[in-house]
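Following: one structure in structure tokens, then a few remarks.
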Amino acid sequence: MAGAFWSVVEDDRQGNPKKVMAEVLGEATRLAGEMGSQAEAVWLTDKATPEGLKLLAELGAKRVWLFESAAFSPYRGEVWTPVLAELAGKEAPQAILGAVTTRQRELMARLAARLGAGLSADSTALAVDGERLVATRPVYSGKLLAKMTWAKTPWLATLRPNVFRPGDAQPGAAPQVDRPSVAAAEAALKFVERREESATGLPELTEAEIVVSGGRGLKGPENFVILENLAKVIGAAVGASRAAVDAGWRPHRFQIGQTGRTISPKLYLGFGISGAIQHLAGMRTSKVICAINKDPEAPIFKIADYGIVGDLFEVAPLLTEEFKKLLEK
Ligand SMILES: Cc1cc2nc3c(=O)[nH]c(=O)nc-3n(C[C@H](O)[C@H](O)[C@H](O)COP(=O)(O)OP(=O)(O)OC[C@H]3O[C@@H](n4cnc5c(N)ncnc54)[C@H](O)[C@@H]3O)c2cc1C
């Protein structure tokens with residue numbers, strides 16, 4: 001039997017696996033099934049909850065490797081990487097899958113270097129081909145799709161959120177939990193202060209099924225409230241172009257694109273965004289793209305499924321009202 005297909009758990013820091021784990025574990029379960037193996041989860045946390053462990057089992061993890069210690073919070077790559085590398089050395093997994101999140105982007109790259117293994121970062125498809133795994137990932141800002149495979153195991157890959165189909169949940173599945181003992185490495189970075197983000201009540205950008213995004217066309221930070229009003233009605237997250245972020249209108253964590261977040265929601269609505277290649281790199285795999293721009297020649301219309309040529313200051317409030325009416329019905 002091939003080694004297990006591991007999924008590195010991304011959690012909300014409160015002991016609950018994030019929504020993207022349904023996709024990562026769903027994919028691990030599907031691939032492991034094709035190779036006669038099983039999906040397992042590896043969870044480093046300072047706080048695992050019974051509900052979180054149960055959820056991992058229901059999402060397909062036949063076993064959960066749990067490393068629970070205060071040393072793992074907050075995340076520091078130099079503490080997490082040796083733990084994962086040591087376990088991988090002992091257990092010889094076939095593959096290690098993670099999600100494209102801020103910390104797993106770094107963690108998986110570190111782990112690949114430590115194991116001398118290959119990493120397909122930001123994968124949008126994985127397929128078993130005989131004894132091999134073939135990954136697809138966008139390159140050159142999404143202009144090309146590269147297919148790649150690995151020279152040796154373990155096969156490491158991070159999966160773009162909202163692209164992979166979540167697996168069928170198995171309600172009632174009970175987790176088999178292994179708690180290997182480990183001496184966590186000393187952190188090179190000292191944790192100074194945590195500042196909690198003020199809750200917006202809106203979903204997180206990379207996990208949201210709908211994203212409303214604003215660019216320079218918004219003309220100022222005060223006008224983002226127009227997009228927030230729309231987002232509240234349709235349950236969307238609010239993102240921004242780099243022009244809006246560079247102008248100081250939104251913090252960098254809301255930036256979509258090559259030097260920001262990569263998103264793949266079911267619906268992307270772009271207001272006053274021209275559609276520069278670097279912006280498209282972060283959102284072109286969205287399932288449905290709708291652009292609102294007063295310039296009919298704006299490049300974003302070339303990739304948009306729906307386009308509205310108009311003034312966003314008129315269109316956005318109209319859309320908000322219409323969605324409100326429709327959704328109240
Ligand atoms: C190395 C590098 C990395 C980069 N990384 C990123 C990145 O990660 N993300 C990113 O977004 N960009 C990135 N950029 C910048 C990118 O090239 C563009 O400059 C940027 O995306 C432009 O942002 P924008 O579309 O908001 O602004 P603009 O290009 O100025 O477009 C504004 C649009 O708003 C429209 N508009 C104006 N008023 C209205 C109105 N009232 N109603 C409707 N429409 C209106 C205009 O017609 C125009 O199309 C990067 C650039 C470089 C060189």
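Simple scheme: letters A, B, ... for chains in structure tokens order, numbers from 1 for residues in each chain, numbers from 1 for ligands in the order shown.
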Picked from segment 74-279 of chain A by DSSP as strand (DSSP E), as a ChimeraX atom specification: /A:95-99,119-123,125-129,132-139,144-148,155-159,177-178,210-214,237-240,267-271
Residues within 9 Å of ligand 1 should be enumerated using only C-alpha atoms and all ligand atoms and returned as an MDAnalysis selection string. chainID A and resid 214:219 240:245 255:262 271:282 292:300 308:315
Using only C-alpha atoms, which protein or nucleic acid residues come within 10 Å of Asn16 of chain A? Drop anything in the same chain fewer than 6 positions from it, and give the result as a PyMOL selection string. chain A and resi 9-10+47-53+55-56
Restricted to C-alpha atoms, what would the selected residues look like written as a PDB file, in the first residue's frame?
ATOM      1  CA  VAL A   9      -4.543  21.355   9.171  1.00  0.00           C
ATOM      2  CA  GLU A  10      -5.264  25.063   8.821  1.00  0.00           C
ATOM      3  CA  LYS A  47      -5.655  24.031  21.384  1.00  0.00           C
ATOM      4  CA  ALA A  48      -7.468  21.159  19.666  1.00  0.00           C
ATOM      5  CA  THR A  49     -11.165  20.744  20.368  1.00  0.00           C
ATOM      6  CA  PRO A  50     -13.078  17.404  20.322  1.00  0.00           C
ATOM      7  CA  GLU A  51     -15.382  18.981  17.720  1.00  0.00           C
ATOM      8  CA  GLY A  52     -12.389  19.903  15.561  1.00  0.00           C
ATOM      9  CA  LEU A  53     -10.999  16.360  15.741  1.00  0.00           C
ATOM     10  CA  LEU A  55     -14.751  17.248  11.952  1.00  0.00           C
ATOM     11  CA  LEU A  56     -11.395  16.090  10.542  1.00  0.00           C
TER      12      LEU A  56
END
Applying 10 Å and only C-alpha atoms, which residues near Leu230 of chain A remain after dropping the ones on its own chain fewer than 4 positions away? List them as a PDB file with all heavy atoms, in the first residue's frame.
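Output file around.pdb is given in full below:
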ATOM      1  N   VAL A 212     -16.460  40.991  -3.411  1.00  0.00           N
ATOM      2  CA  VAL A 212     -16.697  42.294  -4.018  1.00  0.00           C
ATOM      3  C   VAL A 212     -15.380  43.050  -3.886  1.00  0.00           C
ATOM      4  O   VAL A 212     -14.830  43.150  -2.794  1.00  0.00           O
ATOM      5  CB  VAL A 212     -17.807  43.040  -3.246  1.00  0.00           C
ATOM      6  CG1 VAL A 212     -17.981  44.436  -3.788  1.00  0.00           C
ATOM      7  CG2 VAL A 212     -19.111  42.271  -3.302  1.00  0.00           C
ATOM      8  N   VAL A 225     -17.334  51.898   1.837  1.00  0.00           N
ATOM      9  CA  VAL A 225     -18.566  51.556   2.548  1.00  0.00           C
ATOM     10  C   VAL A 225     -19.665  51.162   1.549  1.00  0.00           C
ATOM     11  O   VAL A 225     -20.536  50.332   1.845  1.00  0.00           O
ATOM     12  CB  VAL A 225     -19.006  52.719   3.484  1.00  0.00           C
ATOM     13  CG1 VAL A 225     -19.525  53.906   2.704  1.00  0.00           C
ATOM     14  CG2 VAL A 225     -20.021  52.244   4.492  1.00  0.00           C
ATOM     15  N   ILE A 226     -19.593  51.705   0.341  1.00  0.00           N
ATOM     16  CA  ILE A 226     -20.586  51.362  -0.698  1.00  0.00           C
ATOM     17  C   ILE A 226     -20.480  49.869  -1.014  1.00  0.00           C
ATOM     18  O   ILE A 226     -21.484  49.167  -1.162  1.00  0.00           O
ATOM     19  CB  ILE A 226     -20.331  52.194  -1.976  1.00  0.00           C
ATOM     20  CG1 ILE A 226     -20.439  53.677  -1.668  1.00  0.00           C
ATOM     21  CG2 ILE A 226     -21.265  51.796  -3.094  1.00  0.00           C
ATOM     22  CD1 ILE A 226     -19.983  54.587  -2.815  1.00  0.00           C
ATOM     23  N   ILE A 234     -25.133  40.326   0.272  1.00  0.00           N
ATOM     24  CA  ILE A 234     -24.944  39.066  -0.461  1.00  0.00           C
ATOM     25  C   ILE A 234     -23.947  38.126   0.231  1.00  0.00           C
ATOM     26  O   ILE A 234     -23.576  37.101  -0.323  1.00  0.00           O
ATOM     27  CB  ILE A 234     -24.522  39.314  -1.932  1.00  0.00           C
ATOM     28  CG1 ILE A 234     -23.222  40.142  -2.010  1.00  0.00           C
ATOM     29  CG2 ILE A 234     -25.633  39.995  -2.696  1.00  0.00           C
ATOM     30  CD1 ILE A 234     -22.737  40.366  -3.443  1.00  0.00           C
ATOM     31  N   GLY A 235     -23.511  38.470   1.441  1.00  0.00           N
ATOM     32  CA  GLY A 235     -22.613  37.578   2.203  1.00  0.00           C
ATOM     33  C   GLY A 235     -21.235  37.484   1.576  1.00  0.00           C
ATOM     34  O   GLY A 235     -20.649  36.399   1.521  1.00  0.00           O
ATOM     35  N   ALA A 236     -20.723  38.611   1.093  1.00  0.00           N
ATOM     36  CA  ALA A 236     -19.430  38.587   0.389  1.00  0.00           C
ATOM     37  C   ALA A 236     -18.310  39.161   1.260  1.00  0.00           C
ATOM     38  O   ALA A 236     -18.558  39.862   2.237  1.00  0.00           O
ATOM     39  CB  ALA A 236     -19.544  39.415  -0.891  1.00  0.00           C
ATOM     40  N   ALA A 237     -17.072  38.851   0.867  1.00  0.00           N
ATOM     41  CA  ALA A 237     -15.903  39.515   1.437  1.00  0.00           C
ATOM     42  C   ALA A 237     -15.569  40.705   0.543  1.00  0.00           C
ATOM     43  O   ALA A 237     -15.943  40.727  -0.629  1.00  0.00           O
ATOM     44  CB  ALA A 237     -14.723  38.556   1.477  1.00  0.00           C
ATOM     45  N   VAL A 238     -14.847  41.676   1.117  1.00  0.00           N
ATOM     46  CA  VAL A 238     -14.445  42.842   0.318  1.00  0.00           C
ATOM     47  C   VAL A 238     -12.933  42.816   0.103  1.00  0.00           C
ATOM     48  O   VAL A 238     -12.168  42.689   1.050  1.00  0.00           O
ATOM     49  CB  VAL A 238     -14.853  44.163   1.022  1.00  0.00           C
ATOM     50  CG1 VAL A 238     -14.358  45.371   0.235  1.00  0.00           C
ATOM     51  CG2 VAL A 238     -16.372  44.232   1.174  1.00  0.00           C
ATOM     52  N   ALA A 316     -23.411  50.330  -7.976  1.00  0.00           N
ATOM     53  CA  ALA A 316     -23.289  49.544  -6.741  1.00  0.00           C
ATOM     54  C   ALA A 316     -24.521  49.698  -5.829  1.00  0.00           C
ATOM     55  O   ALA A 316     -25.074  48.690  -5.381  1.00  0.00           O
ATOM     56  CB  ALA A 316     -22.009  49.907  -5.999  1.00  0.00           C
ATOM     57  N   PRO A 317     -25.009  50.935  -5.581  1.00  0.00           N
ATOM     58  CA  PRO A 317     -26.213  51.041  -4.737  1.00  0.00           C
ATOM     59  C   PRO A 317     -27.439  50.388  -5.381  1.00  0.00           C
ATOM     60  O   PRO A 317     -28.254  49.788  -4.683  1.00  0.00           O
ATOM     61  CB  PRO A 317     -26.422  52.564  -4.598  1.00  0.00           C
ATOM     62  CG  PRO A 317     -25.081  53.163  -4.877  1.00  0.00           C
ATOM     63  CD  PRO A 317     -24.433  52.267  -5.876  1.00  0.00           C
ATOM     64  N   LEU A 318     -27.527  50.470  -6.718  1.00  0.00           N
ATOM     65  CA  LEU A 318     -28.665  49.824  -7.392  1.00  0.00           C
ATOM     66  C   LEU A 318     -28.625  48.317  -7.206  1.00  0.00           C
ATOM     67  O   LEU A 318     -29.631  47.674  -6.906  1.00  0.00           O
ATOM     68  CB  LEU A 318     -28.633  50.139  -8.897  1.00  0.00           C
ATOM     69  CG  LEU A 318     -29.194  51.489  -9.329  1.00  0.00           C
ATOM     70  CD1 LEU A 318     -28.960  51.685 -10.832  1.00  0.00           C
ATOM     71  CD2 LEU A 318     -30.688  51.562  -9.035  1.00  0.00           C
ATOM     72  N   LEU A 319     -27.417  47.742  -7.395  1.00  0.00           N
ATOM     73  CA  LEU A 319     -27.268  46.294  -7.212  1.00  0.00           C
ATOM     74  C   LEU A 319     -27.621  45.901  -5.772  1.00  0.00           C
ATOM     75  O   LEU A 319     -28.306  44.895  -5.542  1.00  0.00           O
ATOM     76  CB  LEU A 319     -25.825  45.858  -7.510  1.00  0.00           C
ATOM     77  CG  LEU A 319     -25.424  45.743  -8.977  1.00  0.00           C
ATOM     78  CD1 LEU A 319     -23.940  45.397  -9.089  1.00  0.00           C
ATOM     79  CD2 LEU A 319     -26.243  44.663  -9.687  1.00  0.00           C
ATOM     80  N   THR A 320     -27.168  46.724  -4.824  1.00  0.00           N
ATOM     81  CA  THR A 320     -27.441  46.425  -3.406  1.00  0.00           C
ATOM     82  C   THR A 320     -28.950  46.360  -3.167  1.00  0.00           C
ATOM     83  O   THR A 320     -29.452  45.416  -2.541  1.00  0.00           O
ATOM     84  CB  THR A 320     -26.804  47.513  -2.499  1.00  0.00           C
ATOM     85  OG1 THR A 320     -25.436  47.642  -2.862  1.00  0.00           O
ATOM     86  CG2 THR A 320     -26.905  47.152  -1.029  1.00  0.00           C
ATOM     87  N   GLU A 321     -29.660  47.345  -3.683  1.00  0.00           N
ATOM     88  CA  GLU A 321     -31.120  47.379  -3.494  1.00  0.00           C
ATOM     89  C   GLU A 321     -31.801  46.190  -4.155  1.00  0.00           C
ATOM     90  O   GLU A 321     -32.680  45.558  -3.581  1.00  0.00           O
ATOM     91  CB  GLU A 321     -31.706  48.692  -4.059  1.00  0.00           C
ATOM     92  CG  GLU A 321     -31.522  49.892  -3.164  1.00  0.00           C
ATOM     93  CD  GLU A 321     -31.828  49.578  -1.709  1.00  0.00           C
ATOM     94  OE1 GLU A 321     -32.933  49.095  -1.418  1.00  0.00           O
ATOM     95  OE2 GLU A 321     -30.935  49.783  -0.860  1.00  0.00           O
ATOM     96  N   PHE A 323     -30.491  43.227  -5.000  1.00  0.00           N
ATOM     97  CA  PHE A 323     -30.165  41.964  -4.294  1.00  0.00           C
ATOM     98  C   PHE A 323     -30.977  41.865  -3.004  1.00  0.00           C
ATOM     99  O   PHE A 323     -31.466  40.796  -2.654  1.00  0.00           O
ATOM    100  CB  PHE A 323     -28.671  41.882  -3.975  1.00  0.00           C
ATOM    101  CG  PHE A 323     -27.821  41.407  -5.128  1.00  0.00           C
ATOM    102  CD1 PHE A 323     -26.713  42.124  -5.553  1.00  0.00           C
ATOM    103  CD2 PHE A 323     -28.123  40.203  -5.779  1.00  0.00           C
ATOM    104  CE1 PHE A 323     -25.927  41.681  -6.607  1.00  0.00           C
ATOM    105  CE2 PHE A 323     -27.338  39.755  -6.839  1.00  0.00           C
ATOM    106  CZ  PHE A 323     -26.236  40.493  -7.261  1.00  0.00           C
ATOM    107  N   LYS A 324     -31.106  43.001  -2.312  1.00  0.00           N
ATOM    108  CA  LYS A 324     -31.864  43.002  -1.050  1.00  0.00           C
ATOM    109  C   LYS A 324     -33.289  42.531  -1.309  1.00  0.00           C
ATOM    110  O   LYS A 324     -33.814  41.664  -0.623  1.00  0.00           O
ATOM    111  CB  LYS A 324     -31.854  44.426  -0.467  1.00  0.00           C
ATOM    112  CG  LYS A 324     -31.958  44.446   1.040  1.00  0.00           C
ATOM    113  CD  LYS A 324     -32.045  45.859   1.567  1.00  0.00           C
ATOM    114  CE  LYS A 324     -30.699  46.449   1.876  1.00  0.00           C
ATOM    115  NZ  LYS A 324     -30.748  47.854   2.286  1.00  0.00           N
TER     116      LYS A 324
END
So that I can check the surroundings of Ala112 of chain A, please list as a ChimeraX atom specification every protein, DNA and RNA residue that reaches within 12 Å of it, counting only C-alpha atoms and ignoring chain neighbours fewer than 3 positions away. /A:81-82,84-85,88,95-98,104-109,115-121,150,152-158
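For the pair atom CA of Lys190 of chain A and atom CA of Glu68 of chain A, the separation is 19.5 Å.
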Which residues are close to Val182 of chain A, i.e. within 10 Å by only C-alpha atoms, leaving aside same-chain residues fewer than 5 positions away? Reply as a PyMOL selection string. chain A and resi 67-69+82-83+86-87
Please produce a file of the residues just selected, as a compact mmCIF listing (two decimals), in the first residue's frame, where the atoms kept are C-alpha atoms.
# COMPACT_ATOMS: atom_id res chain seq x y z
CA PHE A 67 0.80 17.91 18.16
CA GLU A 68 -0.78 20.02 20.88
CA SER A 69 1.45 22.43 22.77
CA PRO A 82 11.15 20.23 12.15
CA VAL A 83 8.13 18.58 13.80
CA GLU A 86 10.57 14.38 11.72
CA LEU A 87 7.15 12.76 11.48
Can you list, as a PyMOL selection string, every residue of segment 34-212 of chain A that DSSP puts in alpha helix (DSSP H)? chain A and resi 34+50-58+77-91+102-115
Please identify every residue of segment 150-216 of chain A that has at least one atom no farther than 10 Å from an atom of segment 17-25 of chain A, counting only C-alpha atoms, and for each give the shortest atom pair and the distance in Å to one decimal, arranged by chain then increasing number, as JSON lines.
{"residue": "A:Thr158", "atom": "CA", "partner": "A:Val24", "partner_atom": "CA", "distance": 8.7}
{"residue": "A:Leu159", "atom": "CA", "partner": "A:Val24", "partner_atom": "CA", "distance": 6.9}
{"residue": "A:Arg160", "atom": "CA", "partner": "A:Val20", "partner_atom": "CA", "distance": 9.0}
{"residue": "A:Pro161", "atom": "CA", "partner": "A:Val20", "partner_atom": "CA", "distance": 6.0}
{"residue": "A:Asn162", "atom": "CA", "partner": "A:Val20", "partner_atom": "CA", "distance": 7.3}
{"residue": "A:Val163", "atom": "CA", "partner": "A:Glu23", "partner_atom": "CA", "distance": 8.0}
{"residue": "A:Phe164", "atom": "CA", "partner": "A:Glu23", "partner_atom": "CA", "distance": 5.5}
{"residue": "A:Arg165", "atom": "CA", "partner": "A:Glu23", "partner_atom": "CA", "distance": 5.7}
{"residue": "A:Pro166", "atom": "CA", "partner": "A:Glu23", "partner_atom": "CA", "distance": 4.1}
{"residue": "A:Gly167", "atom": "CA", "partner": "A:Ala22", "partner_atom": "CA", "distance": 6.4}
{"residue": "A:Asp168", "atom": "CA", "partner": "A:Ala22", "partner_atom": "CA", "distance": 8.8}
{"residue": "A:Ala169", "atom": "CA", "partner": "A:Ala22", "partner_atom": "CA", "distance": 8.3}
{"residue": "A:Thr206", "atom": "CA", "partner": "A:Val20", "partner_atom": "CA", "distance": 9.2}
{"residue": "A:Glu207", "atom": "CA", "partner": "A:Val20", "partner_atom": "CA", "distance": 7.0}
{"residue": "A:Ala208", "atom": "CA", "partner": "A:Lys19", "partner_atom": "CA", "distance": 9.7}
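Straight-line separation from atom CA of Val134 of chain A to atom CA of Lys90 of chain A: 24.9 Å.
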For Leu145 of chain A, which residue among A:Arg13, A:Ser181, A:Thr285, A:Ser198 is the nearest when counting only C-alpha atoms?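 Nearest to Leu145 of chain A: A:Thr285.
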Give me, please, the distance in Å between atom CA of Pro74 of chain A and atom CA of Ala173 of chain A, quoted to one decimal.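 Distance between the two atoms: 29.7 Å.
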I'd like the neighbourhood of Val177 of chain A as a list in words, where a residue qualifies if any of its atoms comes within 7 Å (using only C-alpha atoms), though same-chain residues fewer than 6 positions away should be ignored.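 My list of contacting residues is Arg63, Val64, Trp65 and Leu66 of chain A.
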With C-alpha atoms retained, could you export that selection as a JSON list (two decimals), in the first residue's frame?
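Wrote part-v7.json, looks like this:
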[["chain", "number", "residue", "atom", "x", "y", "z"],
["A", 63, "ARG", "CA", -6.05, 9.21, 11.49],
["A", 64, "VAL", "CA", -5.14, 12.54, 13.05],
["A", 65, "TRP", "CA", -1.53, 13.16, 14.07],
["A", 66, "LEU", "CA", -2.00, 15.72, 16.81]]
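Nearest to Ala188 of chain A of all the residues A:Ala151, A:Asp129, A:Trp80, A:Gly172 is A:Trp80, based on only C-alpha atoms.
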